[in-house]
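Engineer: Quick one: structure below, then a few questions.
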Amino acid sequence: MSTPTTPTSPAPAGDHRNAAPVETAPSVPSFEDKLREFWDGNRTAIFALCVLILLAITGKGLWEFYQVRREHSIAAEYAKATTNDQLKAFVASHEGHVLGGVGNLRLADEAYAASKFADAVSLYERALGALKTGHLALRARMGVAVSKLQAGDRAAGEGALKALGADLTLPAAIRAEATYHLASLAAEAKDSATLQTLIEQLNAIAPESLWAQRASILRASQGLAAPSVAAPVAPASGGPEATVTFPTKGK
């Protein structure tokens, strides 16, 4: 006779001891967790970068302050250079500075006035090296050209004047003066055809200028007919048109 099977008691409700384990999704780190992890791993580098940025800003400010103080100091030193020797000493100490260029320009004018034309050429060229652009630079360019003429280097001086007269980007006053000096050279050479052409060019560039008036006197002295009246040419932009004035010796 077989033994009856004992029925299995059902598991009480809520009892999961024999239940299969349930897989859970891995937790995703929050933005705050990621930020904290990045900070913990890069704290030293971030501090170093902040220090470098602060030093760069501080250094730039100190450099700009130094430059301003230096410019004020140079300007004060230039103002004190009232004698020729003091000006030479200043220029020697600040050769590449703008005020050094202005000082060389003053020395060049003095050399030109004293008929030391070779010295004037050198000084005007040195001034031009520091001044680069602007009206004072144009004065230096004109000074180089005329001083070369007076020093006997006609070819170089004439070439420099032609370059000034033909440059349409320059103020009309500069172009007119260069053209007048070329006309003076043509008059000296008794080249009436070239002289007439240059006077016509000058009247087209700046018909109401001092140089046009002087050209009329030059034309009359050579017995040439009055040129036809040309329409005024508008001056090129580039600042005030102050006269440079480097008269040819003997004119």
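Every chain in the structure tokens takes a letter, A first, then B, and so on in the order presented; its residues are numbered from 1, and the ligands are numbered from 1 following the presented order.
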Could you give me, as a tab-separated table, a per-residue list for range 32-142 of chain A showing, wherever an atom lies at most 12 Å from an atom of range 150-165 of chain A, the closest pair of atoms and their distance in Å to one decimal, using only C-alpha atoms and sorting by chain then residue number from low to high?

Structural biologist:
residue	atom	partner	partner_atom	distance
A:Ala111	CA	A:Ala151	CA	11.8
A:Tyr112	CA	A:Gln150	CA	9.1
A:Ala113	CA	A:Gln150	CA	11.4
A:Ala114	CA	A:Gln150	CA	11.8
A:Ser115	CA	A:Gln150	CA	8.3
A:Lys116	CA	A:Ala151	CA	8.2
A:Phe117	CA	A:Ala151	CA	5.2
A:Ala118	CA	A:Ala151	CA	5.8
A:Asp119	CA	A:Ala151	CA	9.3
A:Ala120	CA	A:Ala151	CA	9.1
A:Val121	CA	A:Ala151	CA	8.4
A:Ser122	CA	A:Ala151	CA	11.3
A:Leu138	CA	A:Leu164	CA	9.0
A:Arg139	CA	A:Leu164	CA	11.0
A:Ala140	CA	A:Ala160	CA	11.6
A:Arg141	CA	A:Ala160	CA	8.0
A:Met142	CA	A:Leu161	CA	7.4

Engineer: Go ahead and dump the residues you just picked, C-alpha atoms, as a PDB file, in the first residue's frame.

Structural biologist:
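Produced file again-v9.pdb, reproduced below:
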ATOM      1  CA  ALA A 111      71.424 121.185 -42.001  1.00  0.00           C
ATOM      2  CA  TYR A 112      69.525 122.180 -45.151  1.00  0.00           C
ATOM      3  CA  ALA A 113      69.373 125.812 -44.057  1.00  0.00           C
ATOM      4  CA  ALA A 114      73.140 125.710 -43.471  1.00  0.00           C
ATOM      5  CA  SER A 115      73.670 124.288 -47.007  1.00  0.00           C
ATOM      6  CA  LYS A 116      74.939 120.997 -45.565  1.00  0.00           C
ATOM      7  CA  PHE A 117      72.931 119.052 -48.105  1.00  0.00           C
ATOM      8  CA  ALA A 118      74.655 115.667 -47.763  1.00  0.00           C
ATOM      9  CA  ASP A 119      74.019 115.755 -44.016  1.00  0.00           C
ATOM     10  CA  ALA A 120      70.441 116.834 -44.677  1.00  0.00           C
ATOM     11  CA  VAL A 121      69.844 113.815 -46.930  1.00  0.00           C
ATOM     12  CA  SER A 122      71.000 111.432 -44.213  1.00  0.00           C
ATOM     13  CA  LEU A 138      55.946 113.565 -46.477  1.00  0.00           C
ATOM     14  CA  ARG A 139      58.100 116.510 -45.372  1.00  0.00           C
ATOM     15  CA  ALA A 140      60.964 114.082 -44.894  1.00  0.00           C
ATOM     16  CA  ARG A 141      60.411 112.565 -48.359  1.00  0.00           C
ATOM     17  CA  MET A 142      60.400 115.998 -49.953  1.00  0.00           C
TER      18      MET A 142
END

Engineer: Where in range 1-224 of chain A does DSSP assign alpha helix (DSSP H), given as a PyMOL selection string?

Structural biologist: chain A and resi 31-80+84-93+98-113+117-131+135-150+154-166+172-188+192-205+210-221

Engineer: Neighbouring residues of Gln222 in chain A were defined as those with any atom within 9 Å, considering only C-alpha atoms; residues of the same chain fewer than 4 positions away were excluded. Please report them as an NGL selection string.

Structural biologist: :A and (187 or 190 or 192 or 217-218)

Engineer: Taking C-alpha atoms for each residue, export the selection above as a CSV table (one decimal), in the first residue's frame.

Structural biologist:
chain,number,residue,atom,x,y,z
A,187,ALA,CA,63.8,125.9,-66.8
A,190,LYS,CA,66.2,125.4,-71.1
A,192,SER,CA,60.8,124.7,-72.8
A,217,ILE,CA,56.3,133.6,-62.7
A,218,LEU,CA,58.7,130.9,-63.9

Engineer: Given only C-alpha atoms as the basis, pick out the residue of A:Lys148, A:Lys80, A:Arg69, A:Arg175 nearest to Ile205 in chain A.

Structural biologist: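 Of all the options, A:Arg175 lies closest to Ile205 in chain A.
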
Engineer: Env of range 194-202 of chain A: 8 Å cut, atoms = only C-alpha atoms, seq-sep filter 4 positions within chain, self excluded. Answer as a list in words.

Structural biologist: Ala176, Thr179, Tyr180, Leu182, Ala183, Ser184, Ala186, Ala187, Ala206, Pro207, Trp211, Ala212, Ala215, Ser216, Arg219, Leu224, Pro227, Ser228 and Ala230 of chain A

Engineer: Rank nothing, just name the residue among A:Gly101, A:Arg106, A:Val144, A:Arg214 nearest to Ala127 in chain A, using only C-alpha atoms.

Structural biologist: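 Looking at the shortest contact to Ala127 in chain A, the residue is A:Gly101.
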
Engineer: Calculated over only C-alpha atoms, which of the candidates A:Gly41, A:Ala130, A:Gly143, A:Glu208 has the smallest distance to Ala178 in chain A?

Structural biologist: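 For Ala178 in chain A, the nearest of the given residues is A:Gly143.
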
Engineer: Could you tell me how far CA of Ala75 in chain A lies from CA of Thr58 in chain A, in Å and to one decimal?

Structural biologist: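 Separation between CA of Ala75 in chain A and CA of Thr58 in chain A: 25.9 Å.
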